[in-house]
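K.L.:
My questions all concern the structure below.
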Amino acid sequence: PPYGVLDLVKTPRQKEDPHVGDIYLLNRIKEINPMLHCFGHIHEDYGVEQISDTRTTAINAASLNDKYTYRKSFVEIQIHDKKIKEIKW
């Protein structure tokens, strides 16, 4: 994920900065300004968030929780007229 966007982890090694996202990815997203950015991997911080200073909706669609058991099976995103209409978990 981009730095500071649905990228929080709860592991002891992250005491100083719990964000594990990539600052270069965040800067590139701000440069390109896509409508949607989907990713997974950070199990603890799934969800939807608007990236500040952009039109970009970020979705962390990690399907496993922090204990590696299934939380959700999929995310459905409905787009109409180049706009996100609905996000279903």
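Residues are referred to by chain and number: the chain letter is A, B, ... according to the order shown in the structure tokens, the number counts from 1 in that chain, and ligands are numbered separately from 1 in the order shown.
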Looking only at helix (DSSP H, G or I) from DSSP on the backbone, list the matching residues of chain A as a VMD selection string.

P.N.:
chain A and resid 12 to 14 23 to 32 43 to 45

K.L.:
How would the residues just chosen look if you wrote them out with N, CA and C atoms as a PDB file, in the first residue's frame?

P.N.:
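Below is the file that was written, part_37.pdb:
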ATOM      1  N   PRO A  12       5.603  -6.014  16.968  1.00  0.00           N
ATOM      2  CA  PRO A  12       6.592  -5.348  17.825  1.00  0.00           C
ATOM      3  C   PRO A  12       7.690  -4.620  17.059  1.00  0.00           C
ATOM      4  N   ARG A  13       8.044  -5.083  15.879  1.00  0.00           N
ATOM      5  CA  ARG A  13       9.124  -4.452  15.125  1.00  0.00           C
ATOM      6  C   ARG A  13       8.727  -3.081  14.583  1.00  0.00           C
ATOM      7  N   GLN A  14       7.458  -2.751  14.689  1.00  0.00           N
ATOM      8  CA  GLN A  14       6.973  -1.495  14.138  1.00  0.00           C
ATOM      9  C   GLN A  14       6.624  -0.473  15.217  1.00  0.00           C
ATOM     10  N   ILE A  23       6.327   5.222   0.499  1.00  0.00           N
ATOM     11  CA  ILE A  23       6.212   6.657   0.256  1.00  0.00           C
ATOM     12  C   ILE A  23       6.306   6.974  -1.241  1.00  0.00           C
ATOM     13  N   TYR A  24       7.119   6.212  -1.981  1.00  0.00           N
ATOM     14  CA  TYR A  24       7.244   6.442  -3.416  1.00  0.00           C
ATOM     15  C   TYR A  24       5.938   6.107  -4.137  1.00  0.00           C
ATOM     16  N   LEU A  25       5.270   5.071  -3.685  1.00  0.00           N
ATOM     17  CA  LEU A  25       3.967   4.713  -4.260  1.00  0.00           C
ATOM     18  C   LEU A  25       2.946   5.809  -3.961  1.00  0.00           C
ATOM     19  N   LEU A  26       2.945   6.327  -2.739  1.00  0.00           N
ATOM     20  CA  LEU A  26       2.034   7.421  -2.399  1.00  0.00           C
ATOM     21  C   LEU A  26       2.279   8.633  -3.298  1.00  0.00           C
ATOM     22  N   ASN A  27       3.536   8.996  -3.488  1.00  0.00           N
ATOM     23  CA  ASN A  27       3.856  10.143  -4.343  1.00  0.00           C
ATOM     24  C   ASN A  27       3.434   9.910  -5.787  1.00  0.00           C
ATOM     25  N   ARG A  28       3.599   8.685  -6.263  1.00  0.00           N
ATOM     26  CA  ARG A  28       3.199   8.361  -7.649  1.00  0.00           C
ATOM     27  C   ARG A  28       1.677   8.418  -7.795  1.00  0.00           C
ATOM     28  N   ILE A  29       0.957   7.935  -6.795  1.00  0.00           N
ATOM     29  CA  ILE A  29      -0.500   8.007  -6.829  1.00  0.00           C
ATOM     30  C   ILE A  29      -0.949   9.469  -6.853  1.00  0.00           C
ATOM     31  N   LYS A  30      -0.298  10.305  -6.060  1.00  0.00           N
ATOM     32  CA  LYS A  30      -0.652  11.734  -6.051  1.00  0.00           C
ATOM     33  C   LYS A  30      -0.334  12.387  -7.395  1.00  0.00           C
ATOM     34  N   GLU A  31       0.703  11.905  -8.068  1.00  0.00           N
ATOM     35  CA  GLU A  31       1.070  12.439  -9.384  1.00  0.00           C
ATOM     36  C   GLU A  31       0.063  12.007 -10.456  1.00  0.00           C
ATOM     37  N   ILE A  32      -0.275  10.733 -10.469  1.00  0.00           N
ATOM     38  CA  ILE A  32      -1.165  10.184 -11.500  1.00  0.00           C
ATOM     39  C   ILE A  32      -2.638  10.467 -11.189  1.00  0.00           C
ATOM     40  N   HIS A  43      -2.945  -7.260   6.479  1.00  0.00           N
ATOM     41  CA  HIS A  43      -4.157  -7.910   6.983  1.00  0.00           C
ATOM     42  C   HIS A  43      -4.857  -7.101   8.066  1.00  0.00           C
ATOM     43  N   GLU A  44      -4.098  -6.383   8.884  1.00  0.00           N
ATOM     44  CA  GLU A  44      -4.683  -5.688  10.031  1.00  0.00           C
ATOM     45  C   GLU A  44      -5.465  -4.439   9.662  1.00  0.00           C
ATOM     46  N   ASP A  45      -5.233  -3.875   8.484  1.00  0.00           N
ATOM     47  CA  ASP A  45      -5.785  -2.550   8.173  1.00  0.00           C
ATOM     48  C   ASP A  45      -6.610  -2.553   6.890  1.00  0.00           C
TER      49      ASP A  45
END

K.L.:
Check the smallest atom-to-atom distance from each of A:Asp66, A:Ala61, A:His37, A:Glu49 to A:Lys10 using only C-alpha atoms, then report the winner.

P.N.:
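Checking each of A:Asp66, A:Ala61, A:His37, A:Glu49 against A:Lys10, counting only C-alpha atoms, the winner is A:Asp66.
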
K.L.:
Using Å and a single decimal, report how far atom CA of A:Val48 sits from atom CA of A:Asn65.

P.N.:
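Distance between the two atoms: 15.5 Å.
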
K.L.:
Just the residues within 12 Å of A:Ala62, please, counting only C-alpha atoms, with nothing from its chain fewer than 6 positions along; format it as a list in words.

P.N.:
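Residues near the query, excluding close chain neighbours: Pro1, Leu6, Asp7, Cys38, Phe39, Gly40, His41, Ile42, His43, Glu44, Asp45, Tyr46, Gly47, Val48, Tyr68, Thr69, Tyr70, Arg71, Lys72, Ser73, Phe74, Val75 and Trp89 of chain A.
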
K.L.:
Selection from above, N, CA, C and O atoms, as an mmCIF file, in the first residue's frame, can you write it?

P.N.:
data_model
loop_
_atom_site.group_PDB
_atom_site.id
_atom_site.type_symbol
_atom_site.label_atom_id
_atom_site.label_comp_id
_atom_site.auth_asym_id
_atom_site.auth_seq_id
_atom_site.Cartn_x
_atom_site.Cartn_y
_atom_site.Cartn_z
ATOM 1 N N PRO A 1 0.821 -1.208 0.000
ATOM 2 C CA PRO A 1 0.000 0.000 0.000
ATOM 3 C C PRO A 1 0.861 1.267 0.000
ATOM 4 O O PRO A 1 2.041 1.219 0.326
ATOM 5 N N LEU A 6 -4.092 2.858 4.929
ATOM 6 C CA LEU A 6 -4.475 1.470 5.235
ATOM 7 C C LEU A 6 -3.251 0.564 5.303
ATOM 8 O O LEU A 6 -3.240 -0.548 4.770
ATOM 9 N N ASP A 7 -2.209 1.044 5.980
ATOM 10 C CA ASP A 7 -0.937 0.319 6.026
ATOM 11 C C ASP A 7 -0.422 0.100 7.446
ATOM 12 O O ASP A 7 0.767 -0.097 7.660
ATOM 13 N N CYS A 38 -6.366 -0.422 -5.621
ATOM 14 C CA CYS A 38 -6.693 -1.618 -4.821
ATOM 15 C C CYS A 38 -5.424 -2.374 -4.488
ATOM 16 O O CYS A 38 -4.525 -2.499 -5.317
ATOM 17 N N PHE A 39 -5.385 -2.898 -3.278
ATOM 18 C CA PHE A 39 -4.226 -3.660 -2.839
ATOM 19 C C PHE A 39 -4.650 -4.568 -1.692
ATOM 20 O O PHE A 39 -5.792 -4.544 -1.249
ATOM 21 N N GLY A 40 -3.745 -5.367 -1.203
ATOM 22 C CA GLY A 40 -3.996 -6.264 -0.080
ATOM 23 C C GLY A 40 -2.753 -6.332 0.774
ATOM 24 O O GLY A 40 -2.048 -5.350 0.932
ATOM 25 N N HIS A 41 -2.469 -7.471 1.305
ATOM 26 C CA HIS A 41 -1.254 -7.808 2.043
ATOM 27 C C HIS A 41 -1.258 -7.333 3.496
ATOM 28 O O HIS A 41 -0.866 -8.092 4.361
ATOM 29 N N ILE A 42 -1.673 -6.114 3.801
ATOM 30 C CA ILE A 42 -1.663 -5.660 5.194
ATOM 31 C C ILE A 42 -2.981 -6.112 5.829
ATOM 32 O O ILE A 42 -4.000 -5.432 5.725
ATOM 33 N N HIS A 43 -2.945 -7.260 6.479
ATOM 34 C CA HIS A 43 -4.157 -7.910 6.983
ATOM 35 C C HIS A 43 -4.857 -7.101 8.066
ATOM 36 O O HIS A 43 -6.080 -7.114 8.156
ATOM 37 N N GLU A 44 -4.098 -6.383 8.884
ATOM 38 C CA GLU A 44 -4.683 -5.688 10.031
ATOM 39 C C GLU A 44 -5.465 -4.439 9.662
ATOM 40 O O GLU A 44 -6.258 -3.949 10.449
ATOM 41 N N ASP A 45 -5.233 -3.875 8.484
ATOM 42 C CA ASP A 45 -5.785 -2.550 8.173
ATOM 43 C C ASP A 45 -6.610 -2.553 6.890
ATOM 44 O O ASP A 45 -6.519 -1.643 6.076
ATOM 45 N N TYR A 46 -7.470 -3.573 6.730
ATOM 46 C CA TYR A 46 -8.311 -3.621 5.535
ATOM 47 C C TYR A 46 -9.390 -2.544 5.621
ATOM 48 O O TYR A 46 -9.720 -2.034 6.686
ATOM 49 N N GLY A 47 -9.912 -2.179 4.461
ATOM 50 C CA GLY A 47 -10.981 -1.200 4.430
ATOM 51 C C GLY A 47 -10.867 -0.265 3.243
ATOM 52 O O GLY A 47 -10.176 -0.545 2.265
ATOM 53 N N VAL A 48 -11.571 0.876 3.341
ATOM 54 C CA VAL A 48 -11.630 1.872 2.271
ATOM 55 C C VAL A 48 -11.242 3.221 2.850
ATOM 56 O O VAL A 48 -11.647 3.565 3.957
ATOM 57 N N TYR A 68 -4.548 -14.893 10.023
ATOM 58 C CA TYR A 68 -4.526 -15.624 8.759
ATOM 59 C C TYR A 68 -5.730 -16.551 8.573
ATOM 60 O O TYR A 68 -5.613 -17.627 8.010
ATOM 61 N N THR A 69 -6.874 -16.126 9.065
ATOM 62 C CA THR A 69 -8.130 -16.818 8.772
ATOM 63 C C THR A 69 -8.979 -15.879 7.921
ATOM 64 O O THR A 69 -8.852 -14.655 7.995
ATOM 65 N N TYR A 70 -9.866 -16.473 7.103
ATOM 66 C CA TYR A 70 -10.651 -15.672 6.174
ATOM 67 C C TYR A 70 -11.623 -14.758 6.888
ATOM 68 O O TYR A 70 -12.342 -15.170 7.784
ATOM 69 N N ARG A 71 -11.607 -13.507 6.475
ATOM 70 C CA ARG A 71 -12.541 -12.516 6.972
ATOM 71 C C ARG A 71 -13.595 -12.247 5.912
ATOM 72 O O ARG A 71 -14.765 -12.194 6.193
ATOM 73 N N LYS A 72 -13.193 -12.061 4.697
ATOM 74 C CA LYS A 72 -14.076 -11.750 3.580
ATOM 75 C C LYS A 72 -13.647 -12.590 2.388
ATOM 76 O O LYS A 72 -12.491 -12.945 2.252
ATOM 77 N N SER A 73 -14.593 -12.839 1.495
ATOM 78 C CA SER A 73 -14.239 -13.630 0.329
ATOM 79 C C SER A 73 -13.893 -12.758 -0.879
ATOM 80 O O SER A 73 -13.104 -13.137 -1.707
ATOM 81 N N PHE A 74 -14.497 -11.576 -0.987
ATOM 82 C CA PHE A 74 -14.211 -10.715 -2.123
ATOM 83 C C PHE A 74 -14.722 -9.306 -1.846
ATOM 84 O O PHE A 74 -15.468 -9.074 -0.907
ATOM 85 N N VAL A 75 -14.311 -8.385 -2.706
ATOM 86 C CA VAL A 75 -14.814 -7.016 -2.681
ATOM 87 C C VAL A 75 -15.409 -6.748 -4.052
ATOM 88 O O VAL A 75 -14.780 -7.027 -5.072
ATOM 89 N N TRP A 89 -18.602 -5.410 0.533
ATOM 90 C CA TRP A 89 -17.692 -6.388 1.136
ATOM 91 C C TRP A 89 -18.389 -7.706 1.256
ATOM 92 O O TRP A 89 -19.521 -7.827 1.519
#

K.L.:
Could you check the closest approach to A:Gln78 for each of A:Val20, A:Val5, A:Leu36, A:Ile51 and tell me which residue wins, using only C-alpha atoms?

P.N.:
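Once distances to A:Gln78 are computed over only C-alpha atoms, the minimum belongs to A:Leu36.
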
K.L.:
What are the DSSP strand (DSSP E or B) residues of chain A, as a PyMOL selection string?

P.N.:
chain A and resi 2+8+19+22+36-39+47-50+57-60+64+70+76-80+83-88
